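Asker: Structure file data_23.pdb, PDB, C-alpha atoms, is pasted below:
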```
ATOM      1  CA  MET A  27     -55.155  28.129 -43.388
ATOM      2  CA  ARG A  28     -55.563  24.573 -42.204
ATOM      3  CA  LYS A  29     -55.435  25.797 -38.617
ATOM      4  CA  ILE A  30     -58.233  28.294 -39.286
ATOM      5  CA  VAL A  31     -60.419  25.596 -40.889
ATOM      6  CA  PHE A  32     -59.724  23.221 -37.996
ATOM      7  CA  VAL A  33     -60.566  25.825 -35.348
ATOM      8  CA  THR A  34     -63.736  26.833 -37.217
ATOM      9  CA  ALA A  35     -64.856  23.215 -37.449
ATOM     10  CA  MET A  36     -64.227  22.698 -33.734
ATOM     11  CA  ALA A  37     -66.264  25.816 -32.910
ATOM     12  CA  PHE A  38     -69.234  24.699 -35.019
ATOM     13  CA  GLY A  39     -68.990  21.262 -33.465
ATOM     14  CA  LEU A  40     -69.162  22.651 -29.928
ATOM     15  CA  ILE A  41     -72.085  24.928 -30.855
ATOM     16  CA  GLY A  42     -73.972  21.973 -32.349
ATOM     17  CA  ALA A  43     -73.342  19.822 -29.279
ATOM     18  CA  GLN A  44     -74.622  22.544 -26.969
ATOM     19  CA  ALA A  45     -77.741  23.036 -29.090
ATOM     20  CA  ALA A  46     -78.478  19.320 -29.049
ATOM     21  CA  ALA A  47     -78.067  19.163 -25.270
ATOM     22  CA  ARG A  48     -80.369  22.163 -24.819
ATOM     23  CA  ALA A  49     -83.030  20.642 -27.041
ATOM     24  CA  GLN A  50     -82.884  17.397 -25.087
ATOM     25  CA  ASP A  51     -83.343  19.254 -21.778
ATOM     26  CA  GLU A  52     -86.350  21.164 -23.131
ATOM     27  CA  GLU A  53     -88.030  18.115 -24.679
ATOM     28  CA  PRO A  54     -91.642  17.885 -23.337
ATOM     29  CA  ALA A  55     -92.792  14.909 -21.315
ATOM     30  CA  ALA A  56     -94.073  12.026 -23.332
ATOM     31  CA  ASP A  57     -97.813  12.001 -23.976
ATOM     32  CA  PRO A  58     -99.333   8.924 -22.317
ATOM     33  CA  ALA A  59    -101.873   8.725 -25.155
ATOM     34  CA  ALA A  60     -99.016   8.199 -27.602
ATOM     35  CA  ASP A  61     -97.801   5.129 -25.698
ATOM     36  CA  PRO A  62    -100.504   2.485 -25.208
ATOM     37  CA  THR A  63     -98.339   0.729 -22.606
ATOM     38  CA  ALA A  64     -98.001   3.844 -20.388
ATOM     39  CA  GLU A  65     -99.846   3.882 -17.069
ATOM     40  CA  PRO A  66    -102.451   6.696 -16.936
ATOM     41  CA  ALA A  67    -102.090   9.218 -14.133
ATOM     42  CA  GLY A  68    -104.487   8.473 -11.282
ATOM     43  CA  ASP A  69    -107.252  10.919 -10.535
ATOM     44  CA  GLY A  70    -107.503   9.936  -6.859
ATOM     45  CA  THR A  71    -110.835   8.118  -7.217
ATOM     46  CA  GLU A  72    -109.796   4.522  -7.758
ATOM     47  CA  GLY A  73    -108.547   1.955  -5.265
ATOM     48  CA  GLY A  74    -109.807   3.849  -2.209
ATOM     49  CA  GLY A  75    -106.881   6.280  -2.416
ATOM     50  CA  GLY A  76    -106.416   9.772  -3.743
ATOM     51  CA  ASP A  77    -108.170  12.720  -2.157
ATOM     52  CA  MET A  78    -110.260  10.600   0.204
ATOM     53  CA  ALA A  79    -107.203   8.827   1.605
ATOM     54  CA  MET A  80    -105.369  12.119   1.996
ATOM     55  CA  ALA A  81    -108.316  14.065   3.442
ATOM     56  CA  PRO A  82    -107.345  15.841   6.686
ATOM     57  CA  ALA A  83    -108.965  14.824   9.962
ATOM     58  CA  ALA A  84    -111.907  16.907  11.158
ATOM     59  CA  LYS A  85    -110.867  19.803  13.379
ATOM     60  CA  MET A  86    -114.005  19.473  15.547
ATOM     61  CA  ARG A  87    -115.397  16.263  17.026
ATOM     62  CA  LEU A  88    -118.516  15.601  19.096
ATOM     63  CA  GLY A  89    -119.405  12.505  21.085
ATOM     64  CA  GLY A  90    -119.670  10.869  24.471
ATOM     65  CA  ALA A  91    -118.392   8.078  26.673
ATOM     66  CA  LEU A  92    -119.259   5.684  29.443
ATOM     67  CA  ALA A  93    -117.177   6.452  32.527
ATOM     68  CA  PHE A  94    -116.206   4.230  35.443
ATOM     69  CA  VAL A  95    -114.588   5.559  38.620
ATOM     70  CA  LEU A  96    -112.810   3.352  41.143
ATOM     71  CA  PRO A  97    -112.422   5.358  44.388
ATOM     72  CA  ILE A  98    -109.088   4.995  46.171
ATOM     73  CA  GLY A  99    -107.813   6.148  49.578
ATOM     74  CA  ASP A 100    -110.273   8.044  51.799
ATOM     75  CA  TRP A 101    -112.901   8.120  49.066
ATOM     76  CA  ALA A 102    -112.983   4.315  48.895
ATOM     77  CA  ASP A 103    -113.926   4.254  52.592
ATOM     78  CA  VAL A 104    -117.211   6.095  52.029
ATOM     79  CA  THR A 105    -118.523   5.196  48.575
ATOM     80  CA  GLY A 106    -118.573   2.467  45.961
ATOM     81  CA  ILE A 107    -117.680   2.301  42.281
ATOM     82  CA  GLY A 108    -118.943   5.180  40.159
ATOM     83  CA  ILE A 109    -120.728   4.712  36.828
ATOM     84  CA  GLY A 110    -121.649   7.600  34.572
ATOM     85  CA  VAL A 111    -121.559   9.350  31.230
ATOM     86  CA  LEU A 112    -119.359  12.106  29.807
ATOM     87  CA  GLY A 113    -120.171  14.263  26.825
ATOM     88  CA  ARG A 114    -117.268  15.365  24.668
ATOM     89  CA  PHE A 115    -116.402  18.257  22.409
ATOM     90  CA  ALA A 116    -112.886  18.370  20.971
ATOM     91  CA  TYR A 117    -111.195  20.976  18.790
ATOM     92  CA  MET A 118    -107.867  20.248  17.106
ATOM     93  CA  VAL A 119    -105.789  23.419  17.400
ATOM     94  CA  SER A 120    -103.023  21.600  15.519
ATOM     95  CA  PRO A 121    -102.184  17.967  14.736
ATOM     96  CA  LYS A 122    -100.342  17.883  18.079
ATOM     97  CA  LEU A 123    -102.818  19.728  20.341
ATOM     98  CA  ALA A 124    -106.534  19.299  21.096
ATOM     99  CA  ILE A 125    -108.790  21.313  23.426
ATOM    100  CA  LEU A 126    -111.602  19.398  25.155
ATOM    101  CA  ALA A 127    -114.824  20.121  27.046
ATOM    102  CA  GLN A 128    -116.512  17.226  28.867
ATOM    103  CA  PRO A 129    -119.754  17.653  30.848
ATOM    104  CA  GLY A 130    -121.074  14.615  32.693
ATOM    105  CA  TYR A 131    -122.678  12.865  35.622
ATOM    106  CA  ILE A 132    -121.289  10.069  37.837
ATOM    107  CA  HIS A 133    -123.421   7.975  40.203
ATOM    108  CA  HIS A 134    -121.647   5.914  42.866
ATOM    109  CA  LEU A 135    -122.902   2.671  44.326
ATOM    110  CA  ASP A 136    -123.680   2.648  48.033
ATOM    111  CA  LYS A 137    -121.137   1.553  50.575
ATOM    112  CA  ASP A 138    -122.553   1.052  54.089
ATOM    113  CA  MET A 139    -125.648   2.947  52.844
ATOM    114  CA  PHE A 140    -123.572   6.009  51.882
ATOM    115  CA  SER A 141    -122.471   7.197  48.447
ATOM    116  CA  THR A 142    -121.662  10.300  46.438
ATOM    117  CA  ARG A 143    -122.900  11.804  43.177
ATOM    118  CA  GLU A 144    -120.941  14.188  40.968
ATOM    119  CA  MET A 145    -121.987  16.504  38.178
ATOM    120  CA  VAL A 146    -118.813  17.552  36.373
ATOM    121  CA  LEU A 147    -117.647  19.984  33.737
ATOM    122  CA  LEU A 148    -114.085  19.233  32.690
ATOM    123  CA  VAL A 149    -112.150  21.532  30.367
ATOM    124  CA  GLY A 150    -108.608  20.740  29.313
ATOM    125  CA  ALA A 151    -106.119  19.810  26.615
ATOM    126  CA  ARG A 152    -104.463  16.766  25.089
ATOM    127  CA  PHE A 153    -100.965  16.708  23.618
ATOM    128  CA  MET A 154    -100.722  14.076  20.897
ATOM    129  CA  VAL A 155     -97.584  12.040  21.517
ATOM    130  CA  THR A 156     -98.522  10.044  18.397
ATOM    131  CA  PRO A 157    -101.542  10.453  16.092
ATOM    132  CA  GLU A 158    -103.351   7.898  18.299
ATOM    133  CA  ILE A 159    -102.071   8.587  21.835
ATOM    134  CA  GLY A 160    -102.806  11.790  23.740
ATOM    135  CA  VAL A 161    -101.778  12.845  27.239
ATOM    136  CA  GLY A 162    -103.004  15.815  29.242
ATOM    137  CA  GLY A 163    -105.297  17.069  31.958
ATOM    138  CA  ASP A 164    -108.530  18.853  32.804
ATOM    139  CA  ILE A 165    -109.844  21.250  35.407
ATOM    140  CA  GLY A 166    -113.309  22.756  35.700
ATOM    141  CA  TYR A 167    -116.182  22.466  38.158
ATOM    142  CA  THR A 168    -117.677  19.607  40.178
ATOM    143  CA  SER A 169    -120.948  19.608  42.081
ATOM    144  CA  ILE A 170    -120.747  16.865  44.741
ATOM    145  CA  LYS A 171    -123.606  15.436  46.776
ATOM    146  CA  GLY A 172    -123.311  13.055  49.700
ATOM    147  CA  CYS A 173    -126.216  10.604  49.935
ATOM    148  CA  PHE A 174    -127.268   8.354  52.820
ATOM    149  CA  ASP A 175    -129.769   5.570  52.264
ATOM    150  CA  GLY A 176    -130.951   7.230  49.045
ATOM    151  CA  THR A 177    -131.404  10.719  50.530
ATOM    152  CA  CYS A 178    -128.911  13.307  49.287
ATOM    153  CA  GLY A 179    -127.771  16.496  50.983
ATOM    154  CA  ASP A 180    -126.941  19.853  49.469
ATOM    155  CA  SER A 181    -124.542  20.142  46.559
ATOM    156  CA  GLN A 182    -121.010  21.291  47.264
ATOM    157  CA  GLY A 183    -119.091  23.078  44.506
ATOM    158  CA  ARG A 184    -115.453  22.101  44.030
ATOM    159  CA  ILE A 185    -112.644  22.490  41.479
ATOM    160  CA  PRO A 186    -111.512  19.095  40.119
ATOM    161  CA  LEU A 187    -108.357  17.801  38.484
ATOM    162  CA  ASN A 188    -108.217  15.009  35.930
ATOM    163  CA  ILE A 189    -104.888  13.867  34.428
ATOM    164  CA  GLY A 190    -104.263  10.870  32.206
ATOM    165  CA  ALA A 191    -103.903   9.436  28.706
ATOM    166  CA  GLU A 192    -106.164   8.340  25.856
ATOM    167  CA  TYR A 193    -105.967   6.117  22.806
ATOM    168  CA  SER A 194    -108.014   7.125  19.750
ATOM    169  CA  MET A 195    -108.823   5.095  16.648
ATOM    170  CA  ALA A 196    -109.593   6.298  13.130
ATOM    171  CA  SER A 197    -113.109   4.874  13.443
ATOM    172  CA  GLY A 198    -113.917   7.443  16.156
ATOM    173  CA  LEU A 199    -113.677   5.051  19.105
ATOM    174  CA  TYR A 200    -111.450   6.061  22.000
ATOM    175  CA  ALA A 201    -110.509   4.804  25.468
ATOM    176  CA  GLY A 202    -108.699   6.464  28.334
ATOM    177  CA  ALA A 203    -107.579   6.193  31.929
ATOM    178  CA  SER A 204    -106.858   8.985  34.391
ATOM    179  CA  LEU A 205    -106.419  10.047  37.991
ATOM    180  CA  PHE A 206    -109.622  11.874  38.936
ATOM    181  CA  ILE A 207    -109.678  14.259  41.927
ATOM    182  CA  PRO A 208    -113.185  15.760  42.185
ATOM    183  CA  ASN A 209    -112.372  18.201  45.008
ATOM    184  CA  LEU A 210    -108.825  19.423  44.516
ATOM    185  CA  LEU A 211    -109.710  23.018  45.512
ATOM    186  CA  LEU A 212    -112.441  24.848  47.488
ATOM    187  CA  LYS A 213    -112.599  22.117  50.136
ATOM    188  CA  ASP A 214    -114.430  22.908  53.401
ATOM    189  CA  SER A 215    -111.609  23.549  55.867
ATOM    190  CA  ASP A 216    -114.023  23.735  58.828
ATOM    191  CA  LEU A 217    -114.997  20.095  58.294
ATOM    192  CA  ASP A 218    -111.423  18.974  57.578
ATOM    193  CA  GLU A 219    -112.579  17.708  54.178
ATOM    194  CA  LYS A 220    -110.358  15.019  52.727
ATOM    195  CA  THR A 221    -109.062  15.093  49.156
ATOM    196  CA  LEU A 222    -111.012  12.497  47.183
ATOM    197  CA  MET A 223    -109.195  10.481  44.529
ATOM    198  CA  GLY A 224    -110.182   7.786  42.080
ATOM    199  CA  ILE A 225    -109.076   6.012  38.913
ATOM    200  CA  MET A 226    -111.348   6.899  36.003
ATOM    201  CA  ALA A 227    -111.671   4.783  32.865
ATOM    202  CA  ASN A 228    -113.797   5.792  29.888
ATOM    203  CA  VAL A 229    -114.760   4.302  26.547
ATOM    204  CA  GLY A 230    -116.440   6.475  23.974
ATOM    205  CA  TYR A 231    -117.126   7.456  20.394
ATOM    206  CA  THR A 232    -116.874  10.747  18.487
ATOM    207  CA  ILE A 233    -117.865  11.975  15.041
ATOM    208  CA  GLY A 234    -116.273  14.749  12.997
ATOM    209  CA  LEU A 235    -118.209  17.974  12.471
TER
END
```
Starting from the file, give its structure as structure tokens.
Answerer:
Amino acid sequence: MRKIVFVTAMAFGLIGAQAAARAQDEEPAADPAADPTAEPAGDGTEGGGGDMAMAPAAKMRLGGALAFVLPIGDWADVTGIGIGVLGRFAYMVSPKLAILAQPGYIHHLDKDMFSTREMVLLVGARFMVTPEIGVGGDIGYTSIKGCFDGTCGDSQGRIPLNIGAEYSMASGLYAGASLFIPNLLLKDSDLDEKTLMGIMANVGYTIGL
């Protein structure tokens, strides 16, 4: 009889312990209003944080840049430094990849009374190595004019290549440097046209759309 009472008491004890543990697990979270010392949950509007701080970057950006071209090699023999502007439209396909379109115009200073002018349309991509640094290249179309003593000849259409890197800031400012080849393809073989090369630097600003 004593054994039966002992076993029964042990069983009720185990059942009570399990019930207490289950009740503790299911206990609701404490109400902050019940504890005046508890910190209220933030709604994301104070301290400059919350939704604004976590807002995703704009997928589309529009802007422009000042461009400077330093001719090198054969190009440096016939024209001076180029100064121009580049428009910019960028679309972020993903946080790691952006597609760009950049129309622009570059005017070169005279060298021995000769210079060149380029109207360009560059289309390409940038792979974001970090959120600030992108590397990539562009191709497109270049219309090149040779000018002597201020008088320019006919435009010559060429396919360019532009490869380099850029650094972008959260404010929208960006800067880049690249190897710019305005006439990679479609050169005039009858005139033994040389491949023109230069170092392009640009500084610009974009806004999100």
Asker: Using all atoms listed in the file, find the one residue out of A:Leu123, A:Ile98, A:Ile159, A:Leu147 that sits nearest to Asn188 of chain A.
Answerer: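 Distance minimum relative to Asn188 of chain A lands on A:Leu147.
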Asker: Going by the chain IDs and residue numbers used in this file, which residues fall under the PyMOL selection byres ((chain A and resi 187) around 9)? Write them as a ChimeraX atom specification.
Answerer: /A:148,163-166,185-186,188-189,205-211
Asker: Which residues are close to Ala91 of chain A, i.e. within 6 Å by only C-alpha atoms, leaving aside same-chain residues fewer than 6 positions away? Reply as a PDB file with C-alpha atoms, in the coordinates of the input.
Answerer:
```pdb
ATOM      1  CA  VAL A 111    -121.559   9.350  31.230  1.00  0.00           C
ATOM      2  CA  LEU A 112    -119.359  12.106  29.807  1.00  0.00           C
ATOM      3  CA  VAL A 229    -114.760   4.302  26.547  1.00  0.00           C
ATOM      4  CA  GLY A 230    -116.440   6.475  23.974  1.00  0.00           C
TER       5      GLY A 230
END
```
Asker: For a test of reading the model, state the distance in Å between atom CA of Met154 of chain A and atom CA of Leu222 of chain A, rounded to one decimal.
Answerer: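 Atom-to-atom, atom CA of Met154 of chain A to atom CA of Leu222 of chain A, that is 28.3 Å.
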Asker: Using only C-alpha atoms, which of the listed residues (A:Met223, A:Met139, A:Leu92, A:Leu235) sits closest to Thr177 of chain A?
Answerer: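 The answer is A:Met139, which sits nearest to Thr177 of chain A.
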Asker: Under the PyMOL selection byres ((chain A and resi 155) around 12), which residues of this model are included? Write them out as an NGL selection string.
Answerer: :A and (121-124 or 152-154 or 156-162 or 191-194)
Asker: Find, counting all atoms listed in the file, the residue in A:Ile132, A:Ala127, A:Ala102, A:Cys173 that gets nearest to Thr221 of chain A.
Answerer: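 Among the listed residues, A:Ala102 lies closest to Thr221 of chain A.
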Asker: As an exercise, work out the distance from atom CA of Ala93 of chain A to atom CA of Arg143 of chain A in Å and give it to one decimal place.
Answerer: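 Spanning atom CA of Ala93 of chain A to atom CA of Arg143 of chain A is a straight-line distance of 13.2 Å.
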Asker: From the set A:Ile170, A:Ala227, A:Val119, A:Ile107, which residue has the shortest atom-to-atom contact distance to Lys137 of chain A, counting only C-alpha atoms?
Answerer: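 Of all the options, A:Ile107 lies closest to Lys137 of chain A.
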Asker: At what distance in Å, to one decimal, does atom CA of Ala151 of chain A lie from atom CA of Tyr117 of chain A?
Answerer: 9.4 Å
Asker: Between A:His133, A:Lys213, A:Arg114, A:Arg87, which residue has the minimum interatomic distance to Lys171 of chain A, considering all atoms listed in the file?
Answerer: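 Going through A:His133, A:Lys213, A:Arg114, A:Arg87 one by one, the smallest distance to Lys171 of chain A is for A:His133.
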Asker: Looking at A:Ser197, A:Thr168, A:Gln182, A:Thr232, which one is nearest to Pro129 of chain A, with distances taken over all atoms listed in the file?
Answerer: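 The answer is A:Thr168, which sits nearest to Pro129 of chain A.
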Asker: Tell me which protein, DNA and RNA residues are within 12 Å of Asp175 of chain A, counting all atoms listed in the file, leaving out same-chain ones fewer than 3 positions away, and put them as a PyMOL selection string.
Answerer: chain A and resi 105+135-142+172+178-179
